[in-house]
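As provided, start_15.cif (mmCIF, C-alpha atoms) reads as follows.
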```cif
data_upload
#
loop_
_atom_site.label_atom_id
_atom_site.label_comp_id
_atom_site.auth_asym_id
_atom_site.auth_seq_id
_atom_site.Cartn_x
_atom_site.Cartn_y
_atom_site.Cartn_z
CA MET A 21 123.43 -4.35 12.81
CA GLU A 22 120.85 -1.59 12.35
CA THR A 23 117.99 -2.12 14.77
CA THR A 24 116.00 1.08 14.48
CA THR A 25 113.31 2.05 12.04
CA ARG A 26 111.63 5.28 11.05
CA GLY A 27 108.17 3.76 11.37
CA GLY A 28 106.40 2.00 14.19
CA THR A 29 106.74 4.81 16.73
CA GLY A 30 103.03 4.80 17.66
CA LEU A 31 101.94 4.37 21.23
CA ALA A 32 99.22 1.72 20.91
CA ILE A 33 101.35 -1.41 21.25
CA PRO A 34 103.82 0.09 23.76
CA VAL A 35 100.87 1.14 25.94
CA LEU A 36 99.41 -2.37 25.61
CA VAL A 37 102.70 -3.75 26.92
CA LEU A 38 102.61 -1.32 29.84
CA VAL A 39 99.05 -2.32 30.70
CA SER A 40 99.99 -5.99 30.41
CA GLY A 41 102.87 -5.49 32.83
CA ILE A 42 100.58 -3.77 35.32
CA VAL A 43 97.93 -6.48 34.97
CA ALA A 44 100.52 -9.22 35.52
CA THR A 45 101.93 -7.53 38.62
CA ILE A 46 98.56 -6.72 40.18
CA GLY A 47 97.33 -10.21 39.34
CA ALA A 48 100.31 -11.73 41.09
CA PHE A 49 99.82 -9.51 44.14
CA LEU A 50 96.13 -10.29 44.47
CA GLY A 51 96.60 -13.95 43.59
CA SER A 52 99.23 -14.35 46.29
CA GLY A 53 96.59 -13.85 48.96
CA ALA A 54 98.25 -10.66 50.21
CA LEU A 55 94.84 -8.95 50.46
CA GLY A 56 92.95 -12.03 51.57
CA GLY A 57 91.84 -15.08 49.66
CA THR A 58 93.78 -18.25 49.06
CA PRO A 59 97.55 -18.08 48.43
CA ILE A 60 98.66 -19.87 45.27
CA GLN A 61 100.34 -22.72 47.15
CA PHE A 62 97.05 -23.61 48.84
CA ALA A 63 94.80 -23.13 45.81
CA ALA A 64 93.80 -25.97 43.48
CA GLY A 65 93.68 -28.48 46.31
CA GLY A 66 97.16 -27.52 47.54
CA TRP A 67 98.85 -29.41 44.71
CA LEU A 68 101.26 -26.54 44.09
CA ASN A 69 102.49 -26.58 47.67
CA GLU A 70 106.19 -27.19 48.30
CA ASP A 71 105.52 -30.65 49.75
CA SER A 72 102.85 -31.74 47.30
CA THR A 73 105.01 -33.67 44.81
CA PRO A 74 108.63 -34.85 44.49
CA LEU A 75 109.34 -32.11 41.93
CA ALA A 76 107.95 -29.15 43.86
CA PRO A 77 110.57 -26.53 44.79
CA ALA A 78 110.85 -25.33 48.40
CA LYS A 79 109.05 -22.04 48.99
CA GLY A 80 112.29 -20.04 48.96
CA ALA A 81 112.47 -20.64 45.20
CA PHE A 82 109.55 -18.33 44.59
CA ARG A 83 111.49 -15.27 45.71
CA ILE A 84 112.69 -15.10 42.12
CA TRP A 85 109.23 -13.86 41.14
CA SER A 86 109.92 -10.54 42.89
CA LEU A 87 112.92 -9.99 40.63
CA ILE A 88 111.02 -11.09 37.53
CA TYR A 89 108.05 -8.83 38.24
CA LEU A 90 110.35 -5.91 38.96
CA GLY A 91 112.05 -6.55 35.63
CA LEU A 92 108.73 -6.81 33.79
CA LEU A 93 107.57 -3.49 35.23
CA ALA A 94 110.89 -1.87 34.35
CA TYR A 95 110.66 -3.24 30.82
CA SER A 96 107.04 -2.12 30.45
CA VAL A 97 108.02 1.47 31.23
CA TRP A 98 111.41 1.49 29.48
CA GLN A 99 110.04 0.27 26.15
CA LEU A 100 107.76 3.33 26.07
CA LEU A 101 110.72 5.68 25.66
CA PRO A 102 111.04 7.31 22.20
CA ALA A 103 114.30 5.53 21.37
CA GLN A 104 112.77 2.16 22.19
CA ARG A 105 109.63 2.91 20.19
CA ARG A 106 111.91 3.28 17.15
CA SER A 107 113.75 0.03 17.88
CA ALA A 108 113.07 -2.80 15.45
CA ARG A 109 114.18 -5.22 18.16
CA GLN A 110 111.50 -3.96 20.53
CA GLN A 111 108.85 -3.79 17.82
CA GLY A 112 109.30 -7.49 17.14
CA LEU A 113 109.30 -8.32 20.83
CA ARG A 114 106.35 -6.29 22.15
CA PRO A 115 103.41 -8.51 21.08
CA TRP A 116 105.12 -11.58 22.56
CA ALA A 117 106.03 -9.71 25.74
CA ALA A 118 102.44 -8.59 26.22
CA ALA A 119 101.22 -12.15 25.62
CA ALA A 120 103.67 -13.56 28.17
CA MET A 121 102.57 -11.13 30.86
CA LEU A 122 98.86 -11.68 30.23
CA LEU A 123 99.34 -15.45 30.22
CA ASN A 124 101.09 -15.14 33.56
CA ALA A 125 98.06 -13.37 35.01
CA ALA A 126 95.77 -15.95 33.40
CA TRP A 127 97.73 -18.79 35.01
CA ILE A 128 97.31 -17.27 38.46
CA TRP A 129 93.58 -16.84 38.13
CA VAL A 130 93.10 -20.30 36.61
CA VAL A 131 94.88 -21.79 39.62
CA GLN A 132 92.80 -19.64 41.98
CA ALA A 133 89.71 -21.03 40.29
CA GLY A 134 90.94 -24.55 41.07
CA TRP A 135 91.44 -25.60 37.45
CA LEU A 136 94.75 -27.38 37.84
CA GLY A 137 94.63 -29.17 34.48
CA LEU A 138 93.90 -25.94 32.64
CA SER A 139 96.78 -24.27 34.49
CA LEU A 140 99.14 -26.75 32.85
CA ALA A 141 97.79 -25.87 29.40
CA VAL A 142 98.28 -22.15 30.15
CA ILE A 143 101.85 -22.58 31.37
CA VAL A 144 102.73 -24.69 28.32
CA VAL A 145 101.58 -21.85 26.06
CA LEU A 146 103.46 -19.38 28.27
CA LEU A 147 106.67 -21.39 27.90
CA ALA A 148 106.20 -21.49 24.12
CA VAL A 149 105.80 -17.69 24.06
CA LEU A 150 108.89 -17.22 26.22
CA ALA A 151 110.85 -19.58 23.99
CA ARG A 152 109.87 -17.40 21.03
CA ILE A 153 110.99 -14.29 22.93
CA PHE A 154 114.29 -15.97 23.73
CA VAL A 155 114.88 -16.78 20.05
CA LEU A 156 114.15 -13.18 19.07
CA LEU A 157 116.53 -11.83 21.71
CA VAL A 158 119.34 -14.17 20.71
CA ARG A 159 118.86 -13.35 17.04
CA VAL A 160 119.43 -9.59 17.52
CA ARG A 161 122.06 -8.23 19.89
CA PRO A 162 121.02 -5.89 22.73
CA GLU A 163 121.14 -2.20 21.93
CA GLY A 164 123.31 -1.24 24.87
CA THR A 165 123.67 -2.12 28.53
CA ALA A 166 120.16 -1.04 29.54
CA ASP A 167 118.63 -3.25 26.86
CA ALA A 168 120.78 -6.19 27.92
CA ILE A 169 119.80 -5.87 31.59
CA ILE A 170 116.16 -4.84 31.29
CA THR A 171 115.12 -6.88 28.27
CA ASP A 172 117.45 -9.85 28.02
CA GLY A 173 117.98 -10.17 31.76
CA THR A 174 114.28 -10.05 32.63
CA PHE A 175 113.02 -12.38 29.93
CA GLY A 176 115.99 -14.69 30.35
CA LEU A 177 115.14 -15.17 34.03
CA TYR A 178 111.47 -15.54 33.14
CA PHE A 179 112.21 -18.21 30.51
CA GLY A 180 114.55 -20.17 32.76
CA TRP A 181 112.17 -20.09 35.71
CA VAL A 182 109.10 -21.15 33.72
CA THR A 183 111.14 -24.01 32.26
CA ILE A 184 111.40 -25.53 35.74
CA ALA A 185 107.97 -24.28 36.87
CA ILE A 186 106.34 -26.33 34.12
CA VAL A 187 108.00 -29.43 35.59
CA ALA A 188 106.45 -28.70 38.99
CA ASN A 189 103.07 -27.90 37.41
CA THR A 190 103.06 -31.15 35.43
CA SER A 191 104.02 -33.10 38.54
CA ALA A 192 101.12 -31.46 40.41
CA VAL A 193 98.60 -32.39 37.72
CA LEU A 194 99.83 -35.99 37.65
CA GLY A 195 99.81 -36.19 41.44
CA ALA A 196 96.25 -34.90 41.59
CA ALA A 197 95.29 -37.60 39.07
CA GLY A 198 96.74 -40.28 41.35
CA PHE A 199 99.83 -41.07 39.29
CA ASP A 200 102.50 -42.76 41.43
CA GLY A 201 105.45 -42.67 39.02
CA PHE A 202 105.01 -46.29 37.96
CA GLY A 203 106.01 -47.29 41.45
CA MET A 204 109.47 -45.75 40.91
CA PRO A 205 109.02 -42.09 41.91
CA VAL A 206 112.71 -41.37 42.48
CA ALA A 207 113.79 -42.88 39.15
CA LEU A 208 111.09 -41.00 37.26
CA ALA A 209 111.82 -37.74 39.08
CA THR A 210 115.51 -38.14 38.25
CA ALA A 211 114.72 -38.70 34.57
CA VAL A 212 112.61 -35.53 34.49
CA LEU A 213 115.30 -33.52 36.26
CA VAL A 214 117.95 -34.75 33.81
CA ALA A 215 115.68 -33.72 30.93
CA ALA A 216 115.32 -30.24 32.45
CA ALA A 217 119.11 -30.03 32.82
CA VAL A 218 119.56 -31.02 29.17
CA VAL A 219 117.18 -28.21 28.18
CA GLY A 220 119.20 -25.80 30.32
CA VAL A 221 122.52 -26.79 28.77
CA ALA A 222 121.01 -26.63 25.27
CA THR A 223 119.66 -23.16 26.04
CA ALA A 224 123.09 -22.00 27.18
CA TRP A 225 124.70 -23.43 24.05
CA ARG A 226 122.12 -21.98 21.67
CA SER A 227 122.45 -18.54 23.23
CA GLY A 228 126.24 -18.54 23.39
CA GLY A 229 126.29 -18.67 27.18
CA ARG A 230 123.62 -16.19 28.24
CA LEU A 231 123.45 -16.54 31.99
CA ALA A 232 119.98 -15.31 32.96
CA PRO A 233 118.03 -18.43 31.90
CA VAL A 234 120.77 -20.67 33.27
CA LEU A 235 120.71 -18.93 36.65
CA ALA A 236 116.92 -19.16 36.92
CA LEU A 237 116.80 -22.82 35.92
CA SER A 238 119.64 -23.86 38.21
CA TRP A 239 117.99 -21.82 41.01
CA GLY A 240 114.77 -23.81 40.58
CA LEU A 241 116.59 -27.14 40.47
CA ALA A 242 118.55 -26.26 43.61
CA TRP A 243 115.36 -25.44 45.50
CA ILE A 244 113.83 -28.75 44.45
CA SER A 245 116.85 -30.33 46.09
CA VAL A 246 116.27 -28.27 49.24
CA GLY A 247 112.61 -29.21 49.28
CA ARG A 248 113.38 -32.94 49.21
CA LEU A 249 115.79 -32.64 52.13
CA ASP A 250 113.76 -30.37 54.39
CA GLY A 251 109.99 -30.62 54.51
CA GLY A 252 107.10 -33.00 54.54
CA LEU A 253 108.19 -34.95 51.47
CA VAL A 254 111.78 -36.02 52.04
CA SER A 255 113.52 -37.90 49.21
CA PRO A 256 117.33 -37.98 49.43
CA GLY A 257 117.67 -39.60 46.01
CA THR A 258 115.63 -36.88 44.31
CA ALA A 259 117.50 -34.21 46.28
CA VAL A 260 120.87 -35.49 45.09
CA ALA A 261 119.68 -35.71 41.48
CA ALA A 262 118.27 -32.17 41.58
CA GLY A 263 121.45 -30.81 43.15
CA ILE A 264 123.65 -32.44 40.54
CA CYS A 265 121.45 -31.18 37.72
CA ALA A 266 121.55 -27.65 39.15
CA ALA A 267 125.35 -27.77 39.29
CA VAL A 268 125.63 -29.15 35.75
CA VAL A 269 123.40 -26.43 34.30
CA LEU A 270 125.22 -23.67 36.17
CA ILE A 271 128.72 -24.91 35.32
CA ALA A 272 127.81 -25.47 31.67
CA GLY A 273 126.37 -21.96 31.44
CA VAL A 274 129.45 -20.35 32.96
CA VAL A 275 131.84 -22.36 30.77
CA LEU A 276 129.91 -21.54 27.62
CA ARG A 277 129.85 -17.88 28.64
CA LEU A 278 133.62 -17.89 29.02
CA LEU A 279 134.01 -19.59 25.66
CA ARG A 280 131.81 -16.97 24.09
CA GLY A 281 134.10 -14.33 25.53
CA ARG A 282 136.96 -16.00 23.67
CA ARG A 283 134.81 -15.94 20.50
CA THR A 284 134.79 -19.71 20.05
CA LEU A 285 131.01 -19.78 20.13
CA PRO A 286 128.50 -17.98 17.88
CA ALA A 287 127.03 -14.86 19.50
#
```
Entire entry expressed as structure tokens:
Amino acid sequence: METTTRGGTGLAIPVLVLVSGIVATIGAFLGSGALGGTPIQFAAGGWLNEDSTPLAPAKGAFRIWSLIYLGLLAYSVWQLLPAQRRSARQQGLRPWAAAAMLLNAAWIWVVQAGWLGLSLAVIVVLLAVLARIFVLLVRVRPEGTADAIITDGTFGLYFGWVTIAIVANTSAVLGAAGFDGFGMPVALATAVLVAAAVVGVATAWRSGGRLAPVLALSWGLAWISVGRLDGGLVSPGTAVAAGICAAVVLIAGVVLRLLRGRRTLPA
């Protein structure tokens, strides 16, 4: 499939993407409390802390952000190259990529301001943007190995991680509002985890077994399991459910990837 075009080689939008990547990375660094201030997990009343709700991942889960931010910075620079400026695939992606990175920065600062409810609205929009990016990337094949790793790998991880992050964010908002899970917190948490796993399996199927979103989602689910076994909010039932869901998503993704290799699934 031809994915280059003679037009659209201007610098305005590519530079906007670069600036957005820098803003997202600096925002994350400052918002983390690395230079003082309140770290994210203690902002907004501490409702995003690892022990705040039954669906909060243990803090080790958030190491994935380092990889995602590294990928976003790499993408922001790489898409400036002349060959990528001529790429129709990148031209369609850039506005959505810039939006995703700016929304990420907005989420951090909304949380720092203590607006937990608004943070949920921001992350919902972010997930919608990432879902759109995912559809665009599946629709048009990568233009080589670099494109597959830098573009598809980065935004695949980003999409998969935000899919589980929105679960934790929603749980935090409900917890702050005093919601107790209808008196059945483990049952409700299990239902939510199963729903997240269904989304993960559907994502793997729709993409023909792309592993990046599957890995990020199963990573988040696994760390929810860890958090419910080791910390201030122990819940063995939730831990088992999260662990099973993580395994299901990961196994389904690998199997579908292998099937794609045998060309029994659409690319």
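Straight-line separation from CA of Ala81 (chain A) to CA of Gly173 (chain A): 17.9 Å.
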Residues matched by the PyMOL selection byres ((chain A and resi 99-113) around 12) as an mmCIF file with C-alpha atoms, in the coordinates of the input:
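The resulting file, out.cif, is shown below:
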```
data_model
loop_
_atom_site.group_PDB
_atom_site.id
_atom_site.type_symbol
_atom_site.label_atom_id
_atom_site.label_comp_id
_atom_site.auth_asym_id
_atom_site.auth_seq_id
_atom_site.Cartn_x
_atom_site.Cartn_y
_atom_site.Cartn_z
ATOM 1 C CA MET A 21 123.430 -4.350 12.810
ATOM 2 C CA GLU A 22 120.850 -1.590 12.350
ATOM 3 C CA THR A 23 117.990 -2.120 14.770
ATOM 4 C CA THR A 24 116.000 1.080 14.480
ATOM 5 C CA THR A 25 113.310 2.050 12.040
ATOM 6 C CA ARG A 26 111.630 5.280 11.050
ATOM 7 C CA GLY A 27 108.170 3.760 11.370
ATOM 8 C CA GLY A 28 106.400 2.000 14.190
ATOM 9 C CA THR A 29 106.740 4.810 16.730
ATOM 10 C CA GLY A 30 103.030 4.800 17.660
ATOM 11 C CA LEU A 31 101.940 4.370 21.230
ATOM 12 C CA ALA A 32 99.220 1.720 20.910
ATOM 13 C CA ILE A 33 101.350 -1.410 21.250
ATOM 14 C CA PRO A 34 103.820 0.090 23.760
ATOM 15 C CA VAL A 35 100.870 1.140 25.940
ATOM 16 C CA LEU A 36 99.410 -2.370 25.610
ATOM 17 C CA VAL A 37 102.700 -3.750 26.920
ATOM 18 C CA LEU A 38 102.610 -1.320 29.840
ATOM 19 C CA VAL A 39 99.050 -2.320 30.700
ATOM 20 C CA GLY A 41 102.870 -5.490 32.830
ATOM 21 C CA GLY A 91 112.050 -6.550 35.630
ATOM 22 C CA LEU A 92 108.730 -6.810 33.790
ATOM 23 C CA LEU A 93 107.570 -3.490 35.230
ATOM 24 C CA ALA A 94 110.890 -1.870 34.350
ATOM 25 C CA TYR A 95 110.660 -3.240 30.820
ATOM 26 C CA SER A 96 107.040 -2.120 30.450
ATOM 27 C CA VAL A 97 108.020 1.470 31.230
ATOM 28 C CA TRP A 98 111.410 1.490 29.480
ATOM 29 C CA ARG A 114 106.350 -6.290 22.150
ATOM 30 C CA PRO A 115 103.410 -8.510 21.080
ATOM 31 C CA TRP A 116 105.120 -11.580 22.560
ATOM 32 C CA ALA A 117 106.030 -9.710 25.740
ATOM 33 C CA ALA A 118 102.440 -8.590 26.220
ATOM 34 C CA ALA A 119 101.220 -12.150 25.620
ATOM 35 C CA ALA A 120 103.670 -13.560 28.170
ATOM 36 C CA VAL A 149 105.800 -17.690 24.060
ATOM 37 C CA LEU A 150 108.890 -17.220 26.220
ATOM 38 C CA ALA A 151 110.850 -19.580 23.990
ATOM 39 C CA ARG A 152 109.870 -17.400 21.030
ATOM 40 C CA ILE A 153 110.990 -14.290 22.930
ATOM 41 C CA PHE A 154 114.290 -15.970 23.730
ATOM 42 C CA VAL A 155 114.880 -16.780 20.050
ATOM 43 C CA LEU A 156 114.150 -13.180 19.070
ATOM 44 C CA LEU A 157 116.530 -11.830 21.710
ATOM 45 C CA VAL A 158 119.340 -14.170 20.710
ATOM 46 C CA ARG A 159 118.860 -13.350 17.040
ATOM 47 C CA VAL A 160 119.430 -9.590 17.520
ATOM 48 C CA ARG A 161 122.060 -8.230 19.890
ATOM 49 C CA PRO A 162 121.020 -5.890 22.730
ATOM 50 C CA GLU A 163 121.140 -2.200 21.930
ATOM 51 C CA GLY A 164 123.310 -1.240 24.870
ATOM 52 C CA ALA A 166 120.160 -1.040 29.540
ATOM 53 C CA ASP A 167 118.630 -3.250 26.860
ATOM 54 C CA ALA A 168 120.780 -6.190 27.920
ATOM 55 C CA ILE A 170 116.160 -4.840 31.290
ATOM 56 C CA THR A 171 115.120 -6.880 28.270
ATOM 57 C CA ASP A 172 117.450 -9.850 28.020
ATOM 58 C CA PHE A 175 113.020 -12.380 29.930
#
```
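Checking A:Ala188, A:Leu213, A:Gly228, A:Leu194 one by one against Ile264 (chain A), counting only C-alpha atoms, you find the shortest gap at A:Leu213.
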CA of Gly247 (chain A) and CA of Ala133 (chain A) are how many Å apart?
25.9 Å
The PyMOL selection byres ((chain A and resi 253) around 12) - which residues does that actually catch in the file I just gave you? List them as a CSV table (one decimal) with C-alpha atoms, in the frame of the given file.
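Final file, part03.csv:
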```csv
chain,number,residue,atom,x,y,z
A,69,ASN,CA,102.5,-26.6,47.7
A,70,GLU,CA,106.2,-27.2,48.3
A,71,ASP,CA,105.5,-30.6,49.8
A,72,SER,CA,102.8,-31.7,47.3
A,73,THR,CA,105.0,-33.7,44.8
A,74,PRO,CA,108.6,-34.8,44.5
A,75,LEU,CA,109.3,-32.1,41.9
A,76,ALA,CA,108.0,-29.2,43.9
A,77,PRO,CA,110.6,-26.5,44.8
A,78,ALA,CA,110.8,-25.3,48.4
A,205,PRO,CA,109.0,-42.1,41.9
A,206,VAL,CA,112.7,-41.4,42.5
A,244,ILE,CA,113.8,-28.8,44.4
A,245,SER,CA,116.8,-30.3,46.1
A,246,VAL,CA,116.3,-28.3,49.2
A,247,GLY,CA,112.6,-29.2,49.3
A,248,ARG,CA,113.4,-32.9,49.2
A,249,LEU,CA,115.8,-32.6,52.1
A,250,ASP,CA,113.8,-30.4,54.4
A,251,GLY,CA,110.0,-30.6,54.5
A,252,GLY,CA,107.1,-33.0,54.5
A,254,VAL,CA,111.8,-36.0,52.0
A,255,SER,CA,113.5,-37.9,49.2
A,256,PRO,CA,117.3,-38.0,49.4
A,257,GLY,CA,117.7,-39.6,46.0
A,258,THR,CA,115.6,-36.9,44.3
A,259,ALA,CA,117.5,-34.2,46.3
```
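In this comparison, which uses all atoms listed in the file, the residue of A:Trp135, A:Trp67, A:Tyr89, A:Trp239 approaching Met121 (chain A) most closely is A:Tyr89.
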So that I can see what lies close to Ala48 (chain A), please list as a VMD selection string the residues with an atom at most 12 Å from it, counting all atoms listed in the file and leaving out residues fewer than 2 positions away in the same chain.
chain A and resid 41 to 46 50 to 55 59 to 60 82 85 to 86 88 to 90 121 to 129 131 to 132
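The coordinates place CA of Ile143 (chain A) at 18.0 Å from CA of Gly65 (chain A).
Using all atoms listed in the file for every distance, the candidate list A:Leu177, A:Ala261, A:Ala242, A:Leu235 yields A:Leu235 as the residue closest to Val274 (chain A).
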List the residues matched by the PyMOL selection byres ((chain A and resi 269) around 12) in the displayed structure as an NGL selection string, ordered by chain and then by residue number.
:A and (180 or 213-225 or 229-242 or 262-268 or 270-276)
Restricting the output to C-alpha atoms, write the selected residues as a CSV table (one decimal), in the frame of the given file.
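What landed in selection10.csv:
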```csv
chain,number,residue,atom,x,y,z
A,180,GLY,CA,114.6,-20.2,32.8
A,213,LEU,CA,115.3,-33.5,36.3
A,214,VAL,CA,118.0,-34.8,33.8
A,215,ALA,CA,115.7,-33.7,30.9
A,216,ALA,CA,115.3,-30.2,32.4
A,217,ALA,CA,119.1,-30.0,32.8
A,218,VAL,CA,119.6,-31.0,29.2
A,219,VAL,CA,117.2,-28.2,28.2
A,220,GLY,CA,119.2,-25.8,30.3
A,221,VAL,CA,122.5,-26.8,28.8
A,222,ALA,CA,121.0,-26.6,25.3
A,223,THR,CA,119.7,-23.2,26.0
A,224,ALA,CA,123.1,-22.0,27.2
A,225,TRP,CA,124.7,-23.4,24.0
A,229,GLY,CA,126.3,-18.7,27.2
A,230,ARG,CA,123.6,-16.2,28.2
A,231,LEU,CA,123.4,-16.5,32.0
A,232,ALA,CA,120.0,-15.3,33.0
A,233,PRO,CA,118.0,-18.4,31.9
A,234,VAL,CA,120.8,-20.7,33.3
A,235,LEU,CA,120.7,-18.9,36.6
A,236,ALA,CA,116.9,-19.2,36.9
A,237,LEU,CA,116.8,-22.8,35.9
A,238,SER,CA,119.6,-23.9,38.2
A,239,TRP,CA,118.0,-21.8,41.0
A,240,GLY,CA,114.8,-23.8,40.6
A,241,LEU,CA,116.6,-27.1,40.5
A,242,ALA,CA,118.6,-26.3,43.6
A,262,ALA,CA,118.3,-32.2,41.6
A,263,GLY,CA,121.4,-30.8,43.2
A,264,ILE,CA,123.6,-32.4,40.5
A,265,CYS,CA,121.4,-31.2,37.7
A,266,ALA,CA,121.6,-27.6,39.2
A,267,ALA,CA,125.4,-27.8,39.3
A,268,VAL,CA,125.6,-29.2,35.8
A,270,LEU,CA,125.2,-23.7,36.2
A,271,ILE,CA,128.7,-24.9,35.3
A,272,ALA,CA,127.8,-25.5,31.7
A,273,GLY,CA,126.4,-22.0,31.4
A,274,VAL,CA,129.4,-20.4,33.0
A,275,VAL,CA,131.8,-22.4,30.8
A,276,LEU,CA,129.9,-21.5,27.6
```
Take region 168-244 of chain A from the block and save it with C-alpha atoms, as an mmCIF file, in the first residue's frame.
```cif
data_model
loop_
_atom_site.group_PDB
_atom_site.id
_atom_site.type_symbol
_atom_site.label_atom_id
_atom_site.label_comp_id
_atom_site.auth_asym_id
_atom_site.auth_seq_id
_atom_site.Cartn_x
_atom_site.Cartn_y
_atom_site.Cartn_z
ATOM 1 C CA ALA A 168 6.561 -0.455 13.977
ATOM 2 C CA ILE A 169 8.684 0.024 17.101
ATOM 3 C CA ILE A 170 8.532 3.793 17.528
ATOM 4 C CA THR A 171 4.964 4.457 16.424
ATOM 5 C CA ASP A 172 2.982 1.271 16.934
ATOM 6 C CA GLY A 173 4.976 0.121 19.949
ATOM 7 C CA THR A 174 4.749 3.440 21.780
ATOM 8 C CA PHE A 175 1.094 4.163 21.147
ATOM 9 C CA GLY A 176 0.155 0.525 21.662
ATOM 10 C CA LEU A 177 1.680 0.593 25.156
ATOM 11 C CA TYR A 178 0.077 3.967 25.794
ATOM 12 C CA PHE A 179 -3.368 2.712 24.750
ATOM 13 C CA GLY A 180 -3.132 -0.488 26.775
ATOM 14 C CA TRP A 181 -1.913 1.296 29.890
ATOM 15 C CA VAL A 182 -4.556 4.039 29.789
ATOM 16 C CA THR A 183 -7.209 1.339 29.360
ATOM 17 C CA ILE A 184 -6.367 0.037 32.838
ATOM 18 C CA ALA A 185 -5.494 3.482 34.241
ATOM 19 C CA ILE A 186 -9.036 4.651 33.555
ATOM 20 C CA VAL A 187 -10.294 1.785 35.727
ATOM 21 C CA ALA A 188 -8.122 2.974 38.622
ATOM 22 C CA ASN A 189 -9.129 6.609 38.041
ATOM 23 C CA THR A 190 -12.829 5.730 38.041
ATOM 24 C CA SER A 191 -12.399 3.687 41.209
ATOM 25 C CA ALA A 192 -10.675 6.665 42.848
ATOM 26 C CA VAL A 193 -13.495 9.050 41.939
ATOM 27 C CA LEU A 194 -16.117 6.625 43.253
ATOM 28 C CA GLY A 195 -14.125 6.020 46.426
ATOM 29 C CA ALA A 196 -13.795 9.740 47.068
ATOM 30 C CA ALA A 197 -17.581 10.013 46.661
ATOM 31 C CA GLY A 198 -18.085 7.373 49.357
ATOM 32 C CA PHE A 199 -19.206 4.551 47.078
ATOM 33 C CA ASP A 200 -18.738 1.170 48.779
ATOM 34 C CA GLY A 201 -19.391 -1.161 45.842
ATOM 35 C CA PHE A 202 -22.963 -1.914 46.900
ATOM 36 C CA GLY A 203 -21.546 -3.710 49.896
ATOM 37 C CA MET A 204 -19.876 -6.257 47.583
ATOM 38 C CA PRO A 205 -16.504 -4.667 46.740
ATOM 39 C CA VAL A 206 -14.798 -7.892 45.657
ATOM 40 C CA ALA A 207 -17.647 -8.930 43.356
ATOM 41 C CA LEU A 208 -17.834 -5.493 41.773
ATOM 42 C CA ALA A 209 -14.050 -5.254 41.401
ATOM 43 C CA THR A 210 -14.034 -8.674 39.740
ATOM 44 C CA ALA A 211 -16.741 -7.602 37.296
ATOM 45 C CA VAL A 212 -14.745 -4.505 36.352
ATOM 46 C CA LEU A 213 -11.551 -6.519 35.927
ATOM 47 C CA VAL A 214 -13.332 -9.035 33.699
ATOM 48 C CA ALA A 215 -14.664 -6.150 31.594
ATOM 49 C CA ALA A 216 -11.114 -4.790 31.232
ATOM 50 C CA ALA A 217 -9.909 -8.252 30.202
ATOM 51 C CA VAL A 218 -12.665 -8.485 27.593
ATOM 52 C CA VAL A 219 -11.531 -5.142 26.174
ATOM 53 C CA GLY A 220 -7.962 -6.444 26.070
ATOM 54 C CA VAL A 221 -8.898 -9.629 24.234
ATOM 55 C CA ALA A 222 -11.088 -7.667 21.811
ATOM 56 C CA THR A 223 -8.205 -5.278 21.168
ATOM 57 C CA ALA A 224 -5.882 -8.184 20.412
ATOM 58 C CA TRP A 225 -8.446 -9.727 18.058
ATOM 59 C CA ARG A 226 -9.215 -6.471 16.252
ATOM 60 C CA SER A 227 -5.528 -5.770 15.720
ATOM 61 C CA GLY A 228 -4.603 -9.274 14.625
ATOM 62 C CA GLY A 229 -2.542 -9.925 17.737
ATOM 63 C CA ARG A 230 -0.555 -6.734 18.232
ATOM 64 C CA LEU A 231 1.264 -7.257 21.497
ATOM 65 C CA ALA A 232 2.032 -3.755 22.798
ATOM 66 C CA PRO A 233 -1.474 -2.928 24.102
ATOM 67 C CA VAL A 234 -1.866 -6.469 25.421
ATOM 68 C CA LEU A 235 1.421 -6.277 27.325
ATOM 69 C CA ALA A 236 0.560 -2.914 28.879
ATOM 70 C CA LEU A 237 -2.933 -3.979 29.907
ATOM 71 C CA SER A 238 -1.827 -7.304 31.360
ATOM 72 C CA TRP A 239 1.015 -5.461 33.148
ATOM 73 C CA GLY A 240 -1.513 -3.153 34.819
ATOM 74 C CA LEU A 241 -3.812 -6.019 35.783
ATOM 75 C CA ALA A 242 -0.898 -7.971 37.251
ATOM 76 C CA TRP A 243 0.124 -5.010 39.407
ATOM 77 C CA ILE A 244 -3.434 -4.647 40.681
#
```
